[in-house]
Amino acid sequence: MATPASDIDLSPMVFTEFVSNSKRYRTDRPLVFTFEYVEEDGMGLFLFEGEYNIISGAYSREEAWDMIDDALAVYWRDFAEADPAGLDGVAVELGEELRRRFKLVTDAA
């Protein structure tokens, strides 16, 4: 895999907060996402991965940021806010970890 010599930013992306259901949550222990750049058929793609098995690809870092933010919001709704009785053991543990790690700081509105 070759990275072009141009100004492609492969620096890690750091998340300290996200918004879910119009509420902002923040952590003191940032989530870090690493990047690779691949080019195929003239199209460049940023591949990223980080905690909570969030792995995907995007055509720009801005798109990657939005995808990660959306994934965190979905995880929060589906695991941290969910009724544990309806989840399996791994999902319950993920919800607990998210609630320990992220704290409500303000309404996002």
# chains A, B, ... in the order shown; residues from 1 in each chain; ligands from 1

$ residues_around --residues "segment 43-52 of chain A" --least-positions-apart "5" --cutoff "12 Å" --atoms "only C-alpha atoms" --output "ChimeraX atom specification"
/A:1-4,8-15,29-38,57-65,67-68,71-72,74-76,79,90-91,93-95,97-98

$ write_last_selection --atoms "C-alpha atoms" --output "PDB file, in the first residue's frame"
ATOM      1  CA  MET A   1       0.000   0.000   0.000  1.00  0.00           C
ATOM      2  CA  ALA A   2       1.553   3.279  -1.085  1.00  0.00           C
ATOM      3  CA  THR A   3       0.660   6.627   0.407  1.00  0.00           C
ATOM      4  CA  PRO A   4       0.963   9.529  -2.033  1.00  0.00           C
ATOM      5  CA  ILE A   8      -2.706  13.449   3.130  1.00  0.00           C
ATOM      6  CA  ASP A   9      -3.314  13.705   6.859  1.00  0.00           C
ATOM      7  CA  LEU A  10      -2.867  10.328   8.529  1.00  0.00           C
ATOM      8  CA  SER A  11      -2.569  11.682  12.043  1.00  0.00           C
ATOM      9  CA  PRO A  12      -4.716   9.985  14.673  1.00  0.00           C
ATOM     10  CA  MET A  13      -8.176  11.383  15.315  1.00  0.00           C
ATOM     11  CA  VAL A  14      -9.001  11.954  18.984  1.00  0.00           C
ATOM     12  CA  PHE A  15     -12.535  11.981  20.376  1.00  0.00           C
ATOM     13  CA  ARG A  29      -9.847   9.299  28.501  1.00  0.00           C
ATOM     14  CA  PRO A  30      -9.987  10.096  24.768  1.00  0.00           C
ATOM     15  CA  LEU A  31     -10.765   7.553  22.087  1.00  0.00           C
ATOM     16  CA  VAL A  32      -8.036   7.452  19.456  1.00  0.00           C
ATOM     17  CA  PHE A  33      -8.611   6.358  15.868  1.00  0.00           C
ATOM     18  CA  THR A  34      -5.744   5.542  13.536  1.00  0.00           C
ATOM     19  CA  PHE A  35      -5.744   5.976   9.769  1.00  0.00           C
ATOM     20  CA  GLU A  36      -4.354   4.405   6.632  1.00  0.00           C
ATOM     21  CA  TYR A  37      -4.826   5.716   3.135  1.00  0.00           C
ATOM     22  CA  VAL A  38      -5.423   3.443   0.169  1.00  0.00           C
ATOM     23  CA  GLY A  57     -13.557   3.721   5.589  1.00  0.00           C
ATOM     24  CA  ALA A  58     -14.375   7.220   4.371  1.00  0.00           C
ATOM     25  CA  TYR A  59     -13.471   9.404   1.408  1.00  0.00           C
ATOM     26  CA  SER A  60     -12.374  12.281   3.662  1.00  0.00           C
ATOM     27  CA  ARG A  61     -11.340  12.841   7.258  1.00  0.00           C
ATOM     28  CA  GLU A  62     -14.449  14.968   7.726  1.00  0.00           C
ATOM     29  CA  GLU A  63     -16.616  12.047   6.633  1.00  0.00           C
ATOM     30  CA  ALA A  64     -14.653   9.760   8.973  1.00  0.00           C
ATOM     31  CA  TRP A  65     -15.247  12.176  11.870  1.00  0.00           C
ATOM     32  CA  MET A  67     -19.069   8.368  10.922  1.00  0.00           C
ATOM     33  CA  ILE A  68     -17.256   7.893  14.237  1.00  0.00           C
ATOM     34  CA  ALA A  71     -21.255   5.306  15.719  1.00  0.00           C
ATOM     35  CA  LEU A  72     -20.656   6.547  19.259  1.00  0.00           C
ATOM     36  CA  VAL A  74     -25.662   4.680  18.223  1.00  0.00           C
ATOM     37  CA  TYR A  75     -23.578   2.718  20.740  1.00  0.00           C
ATOM     38  CA  TRP A  76     -24.781   5.030  23.498  1.00  0.00           C
ATOM     39  CA  PHE A  79     -26.072  -0.133  24.866  1.00  0.00           C
ATOM     40  CA  VAL A  90     -21.148  -8.558  26.108  1.00  0.00           C
ATOM     41  CA  ALA A  91     -23.638  -5.793  25.267  1.00  0.00           C
ATOM     42  CA  GLU A  93     -20.646  -4.874  29.653  1.00  0.00           C
ATOM     43  CA  LEU A  94     -20.266  -2.411  26.776  1.00  0.00           C
ATOM     44  CA  GLY A  95     -23.130  -0.302  28.144  1.00  0.00           C
ATOM     45  CA  GLU A  97     -18.137   0.693  30.130  1.00  0.00           C
ATOM     46  CA  LEU A  98     -19.692   3.543  28.127  1.00  0.00           C
TER      47      LEU A  98
END

$ closest_residue --among "A:Arg77, A:Glu96, A:Glu39, A:Asn53" --to "Lys23 of chain A" --atoms "only C-alpha atoms"
A:Arg77

$ select_by_dssp --residues "chain A" --states "strand (DSSP E or B)" --output "short mmCIF file (atom, residue, chain, number, x, y, z; two decimals) with C-alpha atoms, in the first residue's frame"
data_model
loop_
_atom_site.label_atom_id
_atom_site.label_comp_id
_atom_site.auth_asym_id
_atom_site.auth_seq_id
_atom_site.Cartn_x
_atom_site.Cartn_y
_atom_site.Cartn_z
CA MET A 13 -8.18 11.38 15.31
CA VAL A 14 -9.00 11.95 18.98
CA PHE A 15 -12.53 11.98 20.38
CA THR A 16 -13.31 13.36 23.80
CA GLU A 17 -17.05 13.89 23.30
CA PHE A 18 -20.07 13.04 21.18
CA VAL A 19 -23.74 13.98 20.97
CA SER A 20 -26.63 11.53 21.35
CA LYS A 23 -27.14 15.54 24.88
CA ARG A 24 -23.36 15.98 24.91
CA TYR A 25 -21.21 13.36 26.62
CA ARG A 26 -17.52 13.79 27.44
CA THR A 27 -14.64 11.64 28.65
CA ASP A 28 -11.28 12.37 30.24
CA ARG A 29 -9.85 9.30 28.50
CA PRO A 30 -9.99 10.10 24.77
CA LEU A 31 -10.77 7.55 22.09
CA VAL A 32 -8.04 7.45 19.46
CA PHE A 33 -8.61 6.36 15.87
CA THR A 34 -5.74 5.54 13.54
CA PHE A 35 -5.74 5.98 9.77
CA GLU A 36 -4.35 4.41 6.63
CA TYR A 37 -4.83 5.72 3.14
CA VAL A 38 -5.42 3.44 0.17
CA GLU A 39 -5.96 4.38 -3.42
CA GLU A 40 -7.75 2.13 -5.85
CA MET A 43 -10.20 6.89 -5.63
CA GLY A 44 -8.61 7.49 -2.26
CA LEU A 45 -10.06 6.03 0.91
CA PHE A 46 -9.18 6.67 4.54
CA LEU A 47 -9.43 3.44 6.51
CA PHE A 48 -9.80 3.97 10.22
CA GLU A 49 -10.06 1.89 13.35
CA ILE A 55 -13.67 0.20 11.90
CA SER A 56 -14.66 1.64 8.54
CA GLY A 57 -13.56 3.72 5.59
CA ALA A 58 -14.37 7.22 4.37
CA LYS A 103 -20.47 11.64 31.46
CA LEU A 104 -23.28 13.98 30.48
CA VAL A 105 -21.94 17.53 30.33
CA THR A 106 -24.77 19.51 28.75
CA ASP A 107 -27.71 19.49 26.44
#

$ select_by_dssp --residues "chain A" --states "helix (DSSP H, G or I)" --output "number ranges by chain"
A: 51-53, 61-80, 84-86, 89-101

$ atom_distance --atom1 "atom CA of Asp78 of chain A" --atom2 "atom CA of Phe102 of chain A"
14.7 Å

$ atom_distance --atom1 "atom CA of Ile54 of chain A" --atom2 "atom CA of Ala73 of chain A"
12.1 Å

$ decode --residues "segment 45-78 of chain A" --atoms "N, CA and C atoms" --output "tab-separated table (two decimals), in the first residue's frame"
chain	number	residue	atom	x	y	z
A	45	LEU	N	-9.19	6.39	-0.20
A	45	LEU	CA	-10.06	6.03	0.91
A	45	LEU	C	-9.25	6.03	2.19
A	46	PHE	N	-9.77	6.69	3.21
A	46	PHE	CA	-9.18	6.67	4.54
A	46	PHE	C	-9.80	5.51	5.31
A	47	LEU	N	-8.98	4.55	5.69
A	47	LEU	CA	-9.43	3.44	6.51
A	47	LEU	C	-9.11	3.78	7.95
A	48	PHE	N	-10.07	3.61	8.83
A	48	PHE	CA	-9.80	3.97	10.22
A	48	PHE	C	-10.28	2.87	11.16
A	49	GLU	N	-9.64	2.83	12.32
A	49	GLU	CA	-10.06	1.89	13.35
A	49	GLU	C	-9.72	2.47	14.72
A	50	GLY	N	-10.49	2.03	15.70
A	50	GLY	CA	-10.30	2.50	17.06
A	50	GLY	C	-11.04	1.62	18.04
A	51	GLU	N	-11.25	2.16	19.21
A	51	GLU	CA	-11.90	1.39	20.27
A	51	GLU	C	-13.32	1.01	19.93
A	52	TYR	N	-13.83	0.07	20.70
A	52	TYR	CA	-15.20	-0.42	20.55
A	52	TYR	C	-15.43	-1.03	19.18
A	53	ASN	N	-14.38	-1.52	18.55
A	53	ASN	CA	-14.47	-2.17	17.24
A	53	ASN	C	-15.09	-1.27	16.18
A	54	ILE	N	-14.85	0.02	16.29
A	54	ILE	CA	-15.31	0.94	15.25
A	54	ILE	C	-14.25	0.96	14.16
A	55	ILE	N	-14.59	0.34	13.03
A	55	ILE	CA	-13.67	0.20	11.90
A	55	ILE	C	-14.47	0.49	10.63
A	56	SER	N	-13.96	1.33	9.79
A	56	SER	CA	-14.66	1.64	8.54
A	56	SER	C	-13.73	2.38	7.60
A	57	GLY	N	-14.31	2.93	6.55
A	57	GLY	CA	-13.56	3.72	5.59
A	57	GLY	C	-14.38	4.91	5.16
A	58	ALA	N	-13.70	5.98	4.78
A	58	ALA	CA	-14.37	7.22	4.37
A	58	ALA	C	-13.53	7.89	3.30
A	59	TYR	N	-14.17	8.71	2.49
A	59	TYR	CA	-13.47	9.40	1.41
A	59	TYR	C	-12.77	10.68	1.88
A	60	SER	N	-13.06	11.12	3.10
A	60	SER	CA	-12.37	12.28	3.66
A	60	SER	C	-12.30	12.12	5.17
A	61	ARG	N	-11.41	12.88	5.79
A	61	ARG	CA	-11.34	12.84	7.26
A	61	ARG	C	-12.61	13.41	7.87
A	62	GLU	N	-13.21	14.39	7.21
A	62	GLU	CA	-14.45	14.97	7.73
A	62	GLU	C	-15.56	13.92	7.75
A	63	GLU	N	-15.63	13.12	6.68
A	63	GLU	CA	-16.62	12.05	6.63
A	63	GLU	C	-16.31	11.01	7.72
A	64	ALA	N	-15.04	10.71	7.92
A	64	ALA	CA	-14.65	9.76	8.97
A	64	ALA	C	-15.08	10.28	10.34
A	65	TRP	N	-14.85	11.57	10.58
A	65	TRP	CA	-15.25	12.18	11.87
A	65	TRP	C	-16.74	11.99	12.11
A	66	ASP	N	-17.54	12.29	11.09
A	66	ASP	CA	-18.99	12.16	11.21
A	66	ASP	C	-19.41	10.71	11.44
A	67	MET	N	-18.74	9.79	10.76
A	67	MET	CA	-19.07	8.37	10.92
A	67	MET	C	-18.76	7.88	12.33
A	68	ILE	N	-17.63	8.30	12.88
A	68	ILE	CA	-17.26	7.89	14.24
A	68	ILE	C	-18.21	8.52	15.24
A	69	ASP	N	-18.52	9.79	15.09
A	69	ASP	CA	-19.45	10.47	15.98
A	69	ASP	C	-20.81	9.77	15.95
A	70	ASP	N	-21.29	9.43	14.76
A	70	ASP	CA	-22.57	8.71	14.63
A	70	ASP	C	-22.51	7.34	15.29
A	71	ALA	N	-21.39	6.63	15.11
A	71	ALA	CA	-21.25	5.31	15.72
A	71	ALA	C	-21.30	5.39	17.24
A	72	LEU	N	-20.63	6.38	17.81
A	72	LEU	CA	-20.66	6.55	19.26
A	72	LEU	C	-22.07	6.85	19.75
A	73	ALA	N	-22.81	7.67	19.02
A	73	ALA	CA	-24.19	7.99	19.41
A	73	ALA	C	-25.06	6.74	19.36
A	74	VAL	N	-24.89	5.92	18.33
A	74	VAL	CA	-25.66	4.68	18.22
A	74	VAL	C	-25.29	3.72	19.36
A	75	TYR	N	-24.01	3.58	19.64
A	75	TYR	CA	-23.58	2.72	20.74
A	75	TYR	C	-24.21	3.18	22.04
A	76	TRP	N	-24.22	4.49	22.26
A	76	TRP	CA	-24.78	5.03	23.50
A	76	TRP	C	-26.26	4.65	23.61
A	77	ARG	N	-27.01	4.90	22.54
A	77	ARG	CA	-28.45	4.60	22.55
A	77	ARG	C	-28.70	3.10	22.70
A	78	ASP	N	-27.95	2.29	21.93
A	78	ASP	CA	-28.22	0.86	21.88
A	78	ASP	C	-27.68	0.08	23.08
